[in-house]
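Shown next: my_file.txt, given as compact mmCIF, C-alpha atoms.
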# COMPACT_ATOMS: atom_id res chain seq x y z
CA MET A 1 -26.86 -0.55 -59.64
CA LYS A 2 -29.12 -1.46 -56.70
CA LYS A 3 -27.39 -4.83 -56.47
CA ILE A 4 -24.00 -3.14 -56.33
CA VAL A 5 -25.17 -0.74 -53.63
CA SER A 6 -26.69 -3.61 -51.66
CA LEU A 7 -23.47 -5.58 -51.94
CA VAL A 8 -21.41 -2.64 -50.75
CA LEU A 9 -23.71 -2.11 -47.79
CA ALA A 10 -23.60 -5.80 -46.94
CA LEU A 11 -19.81 -5.81 -47.06
CA ALA A 12 -19.67 -2.70 -44.90
CA MET A 13 -21.95 -4.27 -42.31
CA LEU A 14 -19.86 -7.45 -42.34
CA LEU A 15 -16.68 -5.46 -41.82
CA CYS A 16 -18.29 -3.64 -38.90
CA VAL A 17 -19.28 -6.93 -37.30
CA VAL A 18 -15.82 -8.42 -37.87
CA GLY A 19 -14.23 -5.27 -36.48
CA ALA A 20 -16.41 -5.37 -33.40
CA VAL A 21 -15.49 -9.00 -32.78
CA ALA A 22 -11.82 -8.24 -33.30
CA GLU A 23 -11.97 -5.39 -30.80
CA GLU A 24 -13.78 -7.41 -28.13
CA LYS A 25 -11.45 -7.88 -25.19
CA ILE A 26 -10.98 -10.88 -22.94
CA THR A 27 -11.14 -9.93 -19.27
CA LEU A 28 -9.08 -11.85 -16.74
CA ASN A 29 -9.82 -11.46 -13.04
CA VAL A 30 -6.50 -11.62 -11.17
CA TRP A 31 -6.12 -11.68 -7.38
CA SER A 32 -2.91 -11.10 -5.46
CA PHE A 33 -1.59 -10.03 -2.06
CA THR A 34 0.80 -7.29 -3.30
CA ASN A 35 1.06 -4.92 -6.25
CA GLU A 36 4.23 -6.62 -7.54
CA LEU A 37 2.50 -8.60 -10.29
CA GLU A 38 0.28 -5.63 -11.12
CA GLY A 39 3.32 -3.52 -11.92
CA MET A 40 4.71 -6.27 -14.14
CA ILE A 41 1.37 -6.59 -15.92
CA ASN A 42 1.23 -2.89 -16.69
CA GLU A 43 4.84 -2.59 -17.79
CA TYR A 44 5.44 -5.82 -19.66
CA TYR A 45 2.22 -7.72 -20.39
CA LEU A 46 -0.49 -5.26 -21.46
CA PRO A 47 1.60 -3.47 -24.11
CA SER A 48 1.92 -6.75 -26.01
CA HIS A 49 -1.61 -8.00 -25.24
CA PRO A 50 -4.05 -5.29 -26.37
CA ASN A 51 -6.91 -7.78 -26.57
CA VAL A 52 -6.72 -8.60 -22.83
CA GLU A 53 -8.10 -6.52 -19.99
CA ILE A 54 -6.93 -7.26 -16.44
CA LYS A 55 -9.12 -6.73 -13.40
CA TYR A 56 -6.56 -6.75 -10.57
CA THR A 57 -7.62 -7.13 -6.94
CA ILE A 58 -5.27 -6.92 -3.93
CA TYR A 59 -6.00 -8.37 -0.51
CA PRO A 60 -3.04 -8.08 1.90
CA THR A 61 -1.72 -11.11 3.77
CA ASP A 62 -1.85 -9.26 7.11
CA GLY A 63 -4.06 -11.16 9.53
CA GLY A 64 -4.72 -13.80 6.90
CA GLU A 65 -7.03 -11.52 4.89
CA TYR A 66 -5.90 -12.83 1.51
CA THR A 67 -6.37 -16.52 2.25
CA SER A 68 -9.63 -15.73 4.03
CA LYS A 69 -10.96 -13.97 0.91
CA VAL A 70 -9.81 -16.80 -1.35
CA ASP A 71 -11.35 -19.46 0.90
CA THR A 72 -14.63 -17.56 1.21
CA ILE A 73 -15.16 -16.96 -2.50
CA MET A 74 -14.12 -20.49 -3.42
CA ALA A 75 -16.56 -21.97 -0.94
CA ALA A 76 -19.43 -19.64 -1.86
CA ASP A 77 -19.20 -19.41 -5.66
CA ALA A 78 -15.90 -20.56 -7.12
CA ALA A 79 -17.25 -20.35 -10.67
CA GLY A 80 -18.90 -16.97 -10.16
CA GLU A 81 -18.04 -13.74 -11.93
CA GLU A 82 -16.37 -12.22 -8.85
CA ALA A 83 -14.10 -15.20 -8.23
CA PRO A 84 -10.54 -14.97 -9.59
CA ASP A 85 -9.57 -16.62 -12.83
CA ILE A 86 -5.93 -16.42 -11.77
CA PHE A 87 -4.48 -15.90 -8.30
CA THR A 88 -1.04 -15.73 -6.74
CA LEU A 89 0.22 -17.96 -3.95
CA GLU A 90 2.89 -17.14 -1.38
CA ALA A 91 5.37 -19.68 0.01
CA ALA A 92 3.60 -19.63 3.38
CA PHE A 93 0.37 -21.01 1.92
CA VAL A 94 1.15 -22.23 -1.59
CA LYS A 95 0.92 -25.90 -0.56
CA LYS A 96 -2.48 -25.37 1.02
CA TYR A 97 -3.87 -24.51 -2.40
CA VAL A 98 -1.86 -26.70 -4.75
CA ASN A 99 -2.86 -29.66 -2.58
CA SER A 100 -6.55 -28.72 -2.90
CA ASP A 101 -9.21 -28.96 -5.60
CA VAL A 102 -9.55 -25.19 -6.03
CA THR A 103 -6.39 -24.86 -8.15
CA ALA A 104 -6.48 -26.01 -11.75
CA ASP A 105 -4.23 -28.70 -13.16
CA LEU A 106 -2.04 -26.53 -15.38
CA MET A 107 -1.26 -29.40 -17.72
CA GLY A 108 -4.76 -30.86 -17.77
CA THR A 109 -7.38 -28.16 -17.40
CA VAL A 110 -5.25 -25.23 -18.60
CA GLY A 111 -3.43 -27.13 -21.34
CA ILE A 112 0.21 -26.32 -20.61
CA THR A 113 2.60 -28.95 -21.95
CA GLU A 114 5.64 -30.56 -20.35
CA GLU A 115 7.82 -29.06 -23.07
CA GLU A 116 6.59 -25.57 -22.23
CA VAL A 117 7.75 -25.87 -18.60
CA ALA A 118 10.92 -27.89 -19.22
CA ALA A 119 13.15 -24.94 -18.30
CA ALA A 120 11.48 -24.29 -14.94
CA ILE A 121 13.92 -24.41 -12.02
CA PRO A 122 13.09 -27.73 -10.31
CA VAL A 123 12.55 -26.53 -6.73
CA MET A 124 9.93 -23.97 -7.78
CA LYS A 125 8.16 -26.53 -9.95
CA GLN A 126 8.25 -29.06 -7.11
CA ILE A 127 6.66 -26.60 -4.71
CA GLY A 128 3.94 -25.82 -7.25
CA THR A 129 3.13 -29.51 -7.64
CA SER A 130 0.41 -31.22 -5.61
CA ASN A 131 1.61 -33.71 -3.00
CA ILE A 132 -1.74 -35.48 -3.40
CA ASN A 133 -1.94 -36.31 -7.10
CA GLY A 134 1.27 -34.98 -8.64
CA GLN A 135 -0.50 -32.38 -10.76
CA LEU A 136 1.32 -29.14 -11.56
CA LYS A 137 -0.80 -26.40 -9.97
CA GLY A 138 1.48 -23.36 -9.79
CA LEU A 139 4.41 -21.79 -11.62
CA SER A 140 6.66 -18.93 -10.54
CA TRP A 141 8.38 -16.14 -12.47
CA GLN A 142 11.19 -16.16 -9.93
CA ALA A 143 13.32 -18.62 -8.06
CA THR A 144 14.35 -17.81 -4.51
CA PRO A 145 17.58 -19.72 -3.85
CA GLY A 146 19.50 -18.70 -0.78
CA ALA A 147 23.15 -17.93 -0.21
CA LEU A 148 25.42 -16.70 2.56
CA MET A 149 26.24 -13.00 2.41
CA TYR A 150 29.13 -11.68 4.46
CA ARG A 151 31.10 -8.50 5.18
CA ALA A 152 34.39 -8.63 3.29
CA SER A 153 36.25 -6.18 5.54
CA LEU A 154 35.27 -7.99 8.75
CA ALA A 155 36.16 -11.39 7.28
CA GLU A 156 39.61 -10.09 6.35
CA LYS A 157 40.22 -8.32 9.65
CA TYR A 158 39.23 -11.15 11.98
CA LEU A 159 39.52 -14.32 9.87
CA GLY A 160 42.26 -13.43 7.40
CA VAL A 161 39.85 -14.13 4.54
CA THR A 162 40.61 -12.18 1.36
CA SER A 163 38.35 -13.83 -1.23
CA PRO A 164 34.92 -15.49 -1.53
CA GLU A 165 36.69 -18.77 -2.28
CA GLU A 166 38.50 -18.62 1.06
CA MET A 167 35.28 -17.72 2.84
CA GLN A 168 33.41 -20.64 1.30
CA GLU A 169 36.05 -23.00 2.66
CA LYS A 170 35.29 -21.73 6.16
CA VAL A 171 31.50 -22.26 5.86
CA ALA A 172 31.32 -25.25 3.52
CA ASP A 173 29.34 -27.30 6.06
CA TRP A 174 27.71 -26.66 9.41
CA ASP A 175 30.68 -27.93 11.46
CA LEU A 176 33.00 -25.51 9.67
CA PHE A 177 30.40 -22.77 10.02
CA MET A 178 30.36 -23.20 13.79
CA GLU A 179 34.17 -23.40 14.01
CA THR A 180 34.36 -20.12 12.12
CA ALA A 181 31.75 -18.58 14.42
CA ALA A 182 33.92 -19.44 17.43
CA GLU A 183 37.07 -18.16 15.70
CA LEU A 184 35.36 -14.88 14.85
CA ASN A 185 34.06 -14.39 18.37
CA GLU A 186 37.51 -14.92 19.86
CA ALA A 187 39.37 -12.81 17.31
CA SER A 188 36.98 -9.86 17.66
CA GLU A 189 36.79 -10.25 21.46
CA GLY A 190 33.02 -10.64 21.13
CA ALA A 191 32.51 -7.46 19.12
CA VAL A 192 31.41 -9.26 15.95
CA LYS A 193 29.12 -12.28 15.83
CA MET A 194 28.60 -14.79 13.04
CA VAL A 195 24.83 -14.19 12.85
CA VAL A 196 22.24 -12.03 14.56
CA GLY A 197 20.41 -15.03 15.96
CA ALA A 198 19.86 -18.77 15.65
CA GLY A 199 16.75 -18.15 13.58
CA ASP A 200 18.95 -16.81 10.79
CA ILE A 201 20.03 -20.31 9.86
CA TRP A 202 16.59 -21.95 10.10
CA ASN A 203 15.59 -21.72 6.44
CA ALA A 204 18.92 -23.11 5.27
CA TYR A 205 18.95 -25.93 7.81
CA ASN A 206 15.28 -26.70 7.19
CA TYR A 207 16.00 -27.48 3.54
CA GLY A 208 18.46 -30.16 4.59
CA ARG A 209 15.61 -32.43 5.67
CA GLU A 210 14.90 -35.59 3.73
CA GLN A 211 11.25 -35.70 4.80
CA GLY A 212 8.60 -33.04 5.32
CA TRP A 213 6.64 -32.48 8.53
CA VAL A 214 3.86 -34.85 7.49
CA VAL A 215 4.21 -38.11 5.58
CA ASP A 216 1.15 -40.33 4.99
CA GLY A 217 -0.84 -38.46 7.61
CA LYS A 218 1.82 -38.89 10.29
CA LEU A 219 4.00 -36.27 12.02
CA VAL A 220 7.68 -36.68 11.11
CA ILE A 221 10.57 -34.99 12.90
CA ASP A 222 13.48 -35.38 10.53
CA PRO A 223 16.69 -36.33 12.40
CA ILE A 224 18.50 -33.26 11.03
CA LEU A 225 16.28 -31.06 13.17
CA TYR A 226 17.94 -32.46 16.28
CA ASP A 227 21.30 -31.40 14.83
CA TYR A 228 19.80 -27.95 14.32
CA LEU A 229 18.84 -27.83 18.00
CA ASP A 230 22.37 -28.72 19.05
CA LEU A 231 23.75 -25.96 16.86
CA CYS A 232 21.28 -23.41 18.27
CA LYS A 233 22.20 -24.37 21.81
CA VAL A 234 25.91 -23.85 21.12
CA LEU A 235 25.21 -20.45 19.52
CA GLU A 236 23.33 -19.44 22.67
CA GLU A 237 25.59 -20.94 25.35
CA ASP A 238 28.89 -19.93 23.72
CA ASP A 239 27.63 -16.42 22.95
CA LEU A 240 28.25 -16.78 19.21
CA SER A 241 25.30 -14.69 18.03
CA ASN A 242 23.79 -11.30 18.85
CA LYS A 243 20.73 -13.13 20.20
CA GLY A 244 18.34 -11.18 18.04
CA THR A 245 15.50 -12.29 15.81
CA ALA A 246 14.70 -11.78 12.14
CA TRP A 247 12.92 -8.54 11.24
CA SER A 248 13.85 -6.99 14.58
CA GLU A 249 15.77 -3.76 15.11
CA ALA A 250 18.86 -5.80 16.02
CA TRP A 251 18.59 -7.73 12.75
CA PHE A 252 18.49 -4.63 10.57
CA ASN A 253 21.17 -2.98 12.71
CA GLY A 254 23.51 -5.86 11.86
CA MET A 255 23.22 -4.96 8.18
CA LYS A 256 24.54 -1.44 8.61
CA THR A 257 27.06 -1.77 11.46
CA ASP A 258 30.13 -3.88 12.32
CA THR A 259 28.27 -6.20 14.68
CA THR A 260 27.42 -9.10 12.36
CA LEU A 261 29.44 -11.00 9.77
CA CYS A 262 26.85 -13.10 7.94
CA PHE A 263 23.27 -13.15 6.77
CA LEU A 264 21.74 -16.17 5.09
CA LEU A 265 19.28 -14.65 2.64
CA PRO A 266 17.56 -15.50 -0.65
CA THR A 267 17.38 -13.49 -3.84
CA TRP A 268 14.78 -11.05 -2.56
CA GLY A 269 16.72 -10.73 0.69
CA LEU A 270 19.65 -9.27 -1.21
CA HIS A 271 17.65 -6.73 -3.20
CA TYR A 272 14.81 -5.80 -0.87
CA THR A 273 16.19 -6.40 2.64
CA LEU A 274 19.97 -6.18 2.86
CA LYS A 275 20.57 -3.40 0.34
CA PRO A 276 17.90 -0.97 1.62
CA ASN A 277 19.19 -1.42 5.18
CA CYS A 278 22.93 -1.13 4.52
CA GLY A 279 23.18 2.41 5.92
CA LEU A 280 21.64 4.74 8.46
CA THR A 281 19.66 6.62 5.83
CA THR A 282 19.24 4.05 3.05
CA ASN A 283 15.79 2.74 2.08
CA ASP A 284 13.98 0.73 -0.56
CA THR A 285 13.12 3.77 -2.70
CA MET A 286 16.77 4.44 -3.54
CA ASN A 287 18.67 3.18 -6.55
CA ASP A 288 22.18 1.79 -6.21
CA GLU A 289 23.93 5.10 -6.76
CA GLN A 290 21.82 6.78 -4.08
CA MET A 291 22.43 3.93 -1.63
CA LYS A 292 26.16 4.09 -2.25
CA ALA A 293 26.21 7.86 -1.71
CA ALA A 294 24.18 7.57 1.48
CA CYS A 295 26.49 4.91 2.88
CA GLU A 296 29.58 6.94 2.03
CA ALA A 297 28.03 9.82 3.95
CA ASP A 298 26.95 7.90 7.04
CA GLY A 299 29.45 5.05 7.20
CA GLY A 300 27.19 2.29 5.93
CA THR A 301 28.20 -1.03 4.41
CA TYR A 302 27.40 -0.61 0.70
CA GLY A 303 30.01 -2.36 -1.46
CA ASP A 304 31.48 -4.33 1.46
CA TRP A 305 29.27 -7.39 1.01
CA ARG A 306 30.18 -10.62 -0.77
CA MET A 307 28.31 -13.86 -1.46
CA VAL A 308 29.15 -17.56 -1.20
CA ALA A 309 27.02 -20.68 -1.47
CA GLY A 310 27.37 -21.47 2.23
CA PRO A 311 26.79 -24.86 3.92
CA VAL A 312 23.78 -26.01 1.85
CA GLY A 313 21.59 -25.13 -1.09
CA TYR A 314 18.22 -23.83 0.05
CA SER A 315 15.26 -21.69 -0.95
CA TRP A 316 13.23 -19.11 0.95
CA GLY A 317 9.97 -17.61 -0.19
CA GLY A 318 8.59 -17.03 -3.66
CA THR A 319 5.30 -16.33 -5.42
CA TRP A 320 3.43 -18.78 -7.63
CA ILE A 321 0.67 -18.19 -10.16
CA GLY A 322 -2.27 -20.59 -10.14
CA ALA A 323 -5.66 -20.76 -11.84
CA ASN A 324 -9.18 -21.33 -10.52
CA GLU A 325 -10.26 -24.85 -11.51
CA ALA A 326 -13.99 -24.09 -11.34
CA LYS A 327 -13.77 -21.13 -13.70
CA VAL A 328 -11.19 -22.46 -16.13
CA ALA A 329 -13.13 -25.70 -16.55
CA GLN A 330 -16.13 -23.81 -17.94
CA MET A 331 -14.31 -21.16 -19.99
CA ASP A 332 -14.60 -20.85 -23.75
CA GLU A 333 -11.47 -21.76 -25.65
CA ALA A 334 -10.37 -18.17 -26.24
CA THR A 335 -10.50 -17.25 -22.55
CA LYS A 336 -8.82 -20.47 -21.50
CA ALA A 337 -6.08 -19.78 -24.04
CA ALA A 338 -5.65 -16.32 -22.51
CA VAL A 339 -5.24 -17.86 -19.04
CA LYS A 340 -2.62 -20.26 -20.38
CA ASP A 341 -0.81 -17.47 -22.20
CA PHE A 342 -0.84 -15.22 -19.10
CA ILE A 343 0.72 -17.88 -16.88
CA LEU A 344 3.33 -18.90 -19.45
CA PHE A 345 4.16 -15.27 -20.28
CA PHE A 346 5.17 -14.48 -16.71
CA THR A 347 6.75 -17.79 -15.75
CA MET A 348 8.30 -19.27 -18.91
CA SER A 349 8.62 -16.58 -21.60
CA GLU A 350 12.34 -16.24 -22.24
CA GLU A 351 11.89 -12.80 -23.79
CA PHE A 352 9.97 -11.41 -20.81
CA LEU A 353 12.06 -13.09 -18.10
CA TYR A 354 15.31 -11.96 -19.68
CA THR A 355 14.12 -8.36 -19.90
CA TYR A 356 12.69 -8.45 -16.39
CA ALA A 357 15.90 -9.91 -14.96
CA LYS A 358 17.99 -7.23 -16.63
CA ASP A 359 15.65 -4.48 -15.44
CA SER A 360 15.20 -5.65 -11.85
CA GLY A 361 18.15 -7.90 -11.02
CA ASP A 362 15.66 -10.47 -9.74
CA PHE A 363 16.61 -14.12 -10.13
CA VAL A 364 14.08 -15.64 -12.53
CA GLY A 365 12.60 -19.12 -12.53
CA SER A 366 13.84 -20.36 -15.91
CA ASN A 367 17.14 -22.18 -16.21
CA ALA A 368 17.24 -21.24 -19.89
CA VAL A 369 17.22 -17.54 -19.05
CA VAL A 370 19.65 -17.96 -16.16
CA GLU A 371 22.09 -19.76 -18.45
CA LYS A 372 21.74 -17.03 -21.08
CA ILE A 373 22.52 -14.31 -18.53
CA LEU A 374 25.52 -16.22 -17.20
CA ALA A 375 26.82 -16.83 -20.73
CA GLU A 376 26.75 -13.08 -21.32
CA GLY A 377 28.92 -12.47 -18.28
CA GLY A 378 26.31 -12.48 -15.56
CA THR A 379 25.26 -9.45 -13.55
CA PRO A 380 28.21 -7.70 -11.86
CA ASN A 381 26.76 -6.15 -8.71
CA PRO A 382 28.36 -3.01 -7.21
CA PHE A 383 26.74 -3.73 -3.86
CA LEU A 384 28.76 -6.96 -3.81
CA GLY A 385 31.97 -5.28 -4.90
CA GLY A 386 31.34 -6.32 -8.51
CA GLN A 387 30.65 -9.96 -7.68
CA ASP A 388 28.07 -11.74 -9.86
CA HIS A 389 25.09 -12.65 -7.69
CA TYR A 390 23.49 -14.63 -10.53
CA ALA A 391 26.39 -17.07 -10.60
CA ILE A 392 26.14 -17.80 -6.87
CA PHE A 393 22.36 -18.06 -6.80
CA SER A 394 22.37 -20.37 -9.81
CA GLU A 395 24.40 -22.91 -7.82
CA ALA A 396 21.87 -23.01 -5.00
CA ALA A 397 18.80 -22.85 -7.26
CA ASN A 398 19.19 -26.40 -8.51
CA LEU A 399 20.23 -27.89 -5.16
CA ALA A 400 17.19 -26.99 -3.04
CA ASN A 401 14.61 -29.73 -2.51
CA GLY A 402 11.05 -28.44 -2.75
CA ALA A 403 9.53 -31.90 -2.32
CA ILE A 404 9.73 -31.60 1.48
CA MET A 405 7.24 -28.71 1.59
CA THR A 406 3.74 -29.43 2.90
CA ASP A 407 0.64 -27.39 3.62
CA TYR A 408 1.40 -27.82 7.35
CA ASP A 409 4.73 -25.99 7.19
CA GLU A 410 3.80 -22.50 8.34
CA LYS A 411 2.16 -23.70 11.56
CA MET A 412 4.63 -26.51 12.21
CA ASN A 413 7.61 -24.19 11.85
CA SER A 414 6.06 -21.77 14.30
CA LEU A 415 5.29 -24.49 16.85
CA TRP A 416 8.82 -25.92 16.55
CA SER A 417 10.34 -22.51 17.16
CA ASP A 418 8.04 -21.58 20.07
CA TYR A 419 8.00 -24.87 21.94
CA VAL A 420 11.36 -26.48 21.06
CA THR A 421 14.07 -24.27 19.56
CA THR A 422 13.70 -21.19 21.75
CA PRO A 423 13.12 -22.74 25.18
CA TYR A 424 15.59 -25.59 24.64
CA SER A 425 18.45 -23.44 23.31
CA LYS A 426 18.00 -21.00 26.19
CA GLY A 427 18.16 -23.83 28.73
CA GLU A 428 14.60 -23.30 29.92
CA VAL A 429 13.49 -26.88 29.27
CA GLU A 430 15.01 -30.31 28.67
CA LEU A 431 14.86 -31.71 25.15
CA ASP A 432 12.46 -34.57 25.92
CA ALA A 433 10.03 -32.21 27.60
CA ALA A 434 10.24 -29.75 24.71
CA ILE A 435 9.54 -32.45 22.13
CA ALA A 436 6.63 -33.76 24.19
CA GLU A 437 5.09 -30.31 24.38
CA PHE A 438 5.60 -29.79 20.65
CA LYS A 439 3.78 -33.03 19.89
CA ALA A 440 0.94 -32.06 22.22
CA GLN A 441 0.58 -28.73 20.44
CA VAL A 442 0.62 -30.41 17.03
CA LYS A 443 -2.09 -32.83 18.14
CA ALA A 444 -4.20 -29.94 19.41
CA GLN A 445 -3.77 -27.99 16.16
CA PHE A 446 -4.14 -30.98 13.82
CA PRO A 447 -6.28 -33.65 15.55
CA ASP A 448 -6.44 -35.77 12.39
CA LEU A 449 -2.67 -36.28 12.27
CA ILE A 450 -1.00 -39.37 13.70
CA VAL A 451 1.37 -38.14 16.41
CA GLU A 452 3.55 -40.73 18.12

Is it possible to express this structure as structure tokens?
Amino acid sequence: MKKIVSLVLALAMLLCVVGAVAEEKITLNVWSFTNELEGMINEYYLPSHPNVEIKYTIYPTDGGEYTSKVDTIMAADAAGEEAPDIFTLEAAFVKKYVNSDVTADLMGTVGITEEEVAAAIPVMKQIGTSNINGQLKGLSWQATPGALMYRASLAEKYLGVTSPEEMQEKVADWDLFMETAAELNEASEGAVKMVVGAGDIWNAYNYGREQGWVVDGKLVIDPILYDYLDLCKVLEEDDLSNKGTAWSEAWFNGMKTDTTLCFLLPTWGLHYTLKPNCGLTTNDTMNDEQMKAACEADGGTYGDWRMVAGPVGYSWGGTWIGANEAKVAQMDEATKAAVKDFILFFTMSEEFLYTYAKDSGDFVGSNAVVEKILAEGGTPNPFLGGQDHYAIFSEAANLANGAIMTDYDEKMNSLWSDYVTTPYSKGEVELDAAIAEFKAQVKAQFPDLIVE
């Protein structure tokens, strides 16, 4: 009897130990610069991952706080408890980190296979790949292809355009784009401009380059950038734009009034920029029905927008997920597997991405999911008069070339705009002088670069 009791007690103790082990959670320390991923974690990830606990920390990008925090912790104690296991990377600085040693090789250290990322949209995978050693360092749950969005009523009134197909013919390349800009200006007697400002076309034109800003340690000015300058000068001198800048009052005003025909925007630009600013009282807290009602009340532009591919395929923005090399390298197998699963769940899981796309309308980063959505009839969008934005974005998604991105881009783009595009297009400086000043500024900012 004593033996039986002892056996029962032993089994009970064993079950308690096994139960305790089974209930032990894996904690992942995740850093980001917005609450976007946090919301997705809470809604989609945690319900299906009860054994994982997420410690989520937000540092905003304002004033460079996020990158400053990442750089500080990585330099001080990259493998420490407070350092992130996983962290997100914005387009403005993604190359800085994927080209460094702080991000883990997702296929080496983390253990992701080529087969598991085969469906990733190429441009996003290219951007998440190191220019130094070719290692995949970041994956994205979204793709951010760009398109040209235009006002259907204005196109019909001043250009005689009655369908997206006709509009695409008038903007199929940059020469046609500029011819249409001149036609619009004349037909509307200057009341409606093609774009708010020359900066509106920068992201699209920028993706037409064959080489990035820096190749083998040397500054490169791709020849297409001189074409861009010529175009900007014509826009300015021939009064073909509203001479405003992105994110300005004039820019947002063009979305809700009859002053501007086109905006070149990516996926997030449609959902989070154009739509919330399509009327005098619309905002990003409204759903589509509320936006439509507000625009009907105040004369906004809801339902009058259409999309076409435009002159080129391009991308603008995005968020990548990377892992901390120092921490992942020393993790036990269970925690490392959780890191791998977390990254693949958000960036490659067909089940999650399909559900998320249907819920949010966001354009996801898996061609497999995009093809599934298109096969089902796409996503008719009432804001676009029922047009399928997924179909248009899918064309651009696989045309954009992410290989031209470098970790110098954010600063180089700013210097090019400040010292070349703006003063040259406004006639304040000759081209040779503008280029010389740009090179001087680059040399001052990046003394290790070869500048000829």

Contacts of Asp173 (chain A) at 9 Å or less, counting only C-alpha atoms, minus same-chain residues fewer than 3 places along, as a list of chain:residue names?
A:Glu169, A:Lys170, A:Leu176, A:Phe177, A:Met178, A:Gly310, A:Pro311, A:Val312

Need to verify the contact set: Ser366 (chain A), 6 Å, all atoms listed in the file, exclusion of same-chain residues closer than 3 positions in sequence. Can you return it as a PyMOL selection string?
chain A and resi 119-121+369

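Residues with any atom within 12 Å of the point (16.0, -1.2, 12.8), counting only C-alpha atoms, are Gly244, Thr245, Ala246, Trp247, Ser248, Glu249, Ala250, Trp251, Phe252, Asn253, Gly254, Met255, Lys256, Thr257, Thr273, Leu274, Pro276, Asn277, Cys278, Gly279, Leu280, Thr281, Thr282 and Asn283 of chain A.
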
Which residues of region 355-441 of chain A come within 12 Å of region 219-224 of chain A, and what is each one's closest atom pair and distance in Å (one decimal), counting all atoms listed in the file, sorted by chain and residue number, as JSON lines?
{"residue": "A:Ile404", "atom": "CA", "partner": "A:Asp222", "partner_atom": "CA", "distance": 10.5}
{"residue": "A:Thr406", "atom": "CA", "partner": "A:Leu219", "partner_atom": "CA", "distance": 11.4}
{"residue": "A:Tyr408", "atom": "CA", "partner": "A:Leu219", "partner_atom": "CA", "distance": 10.0}
{"residue": "A:Asp409", "atom": "CA", "partner": "A:Leu219", "partner_atom": "CA", "distance": 11.4}
{"residue": "A:Met412", "atom": "CA", "partner": "A:Leu219", "partner_atom": "CA", "distance": 9.8}
{"residue": "A:Asn413", "atom": "CA", "partner": "A:Ile221", "partner_atom": "CA", "distance": 11.2}
{"residue": "A:Trp416", "atom": "CA", "partner": "A:Ile221", "partner_atom": "CA", "distance": 9.9}
{"residue": "A:Val420", "atom": "CA", "partner": "A:Ile221", "partner_atom": "CA", "distance": 11.8}
{"residue": "A:Ile435", "atom": "CA", "partner": "A:Ile221", "partner_atom": "CA", "distance": 9.6}
{"residue": "A:Phe438", "atom": "CA", "partner": "A:Ile221", "partner_atom": "CA", "distance": 10.6}
{"residue": "A:Lys439", "atom": "CA", "partner": "A:Leu219", "partner_atom": "CA", "distance": 8.5}
{"residue": "A:Ala440", "atom": "CA", "partner": "A:Leu219", "partner_atom": "CA", "distance": 11.5}
{"residue": "A:Gln441", "atom": "CA", "partner": "A:Leu219", "partner_atom": "CA", "distance": 11.8}

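Distances here use only C-alpha atoms; by that measure, the residue among A:Met149, A:Gly128, A:Lys275, A:Ala76 closest to Cys295 (chain A) is A:Lys275.
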
Exercise: Gly378 (chain A) partners within 8 Å, all atoms listed in the file, chain neighbours under 5 positions left out, as a PyMOL selection string:
chain A and resi 373+388-391

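Going from CA of Asn35 (chain A) to CA of Thr347 (chain A) covers 17.0 Å.
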
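Closest approach to Trp305 (chain A) among A:Glu371, A:Glu325, A:Asp258, A:Glu410 is made by A:Asp258 (distances from all atoms listed in the file).
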
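Going from CA of Ala204 (chain A) over to CA of Val171 (chain A), you cover 12.6 Å.
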
Centre, edges in Å (one decimal): axis-aligned box, region 259-268 of chain A, 4 Å padding on all six sides, as lines of an AutoDock Vina configuration file:
center_x = 22.1
center_y = -11.2
center_z = 5.4
size_x = 22.7
size_y = 18.0
size_z = 26.5
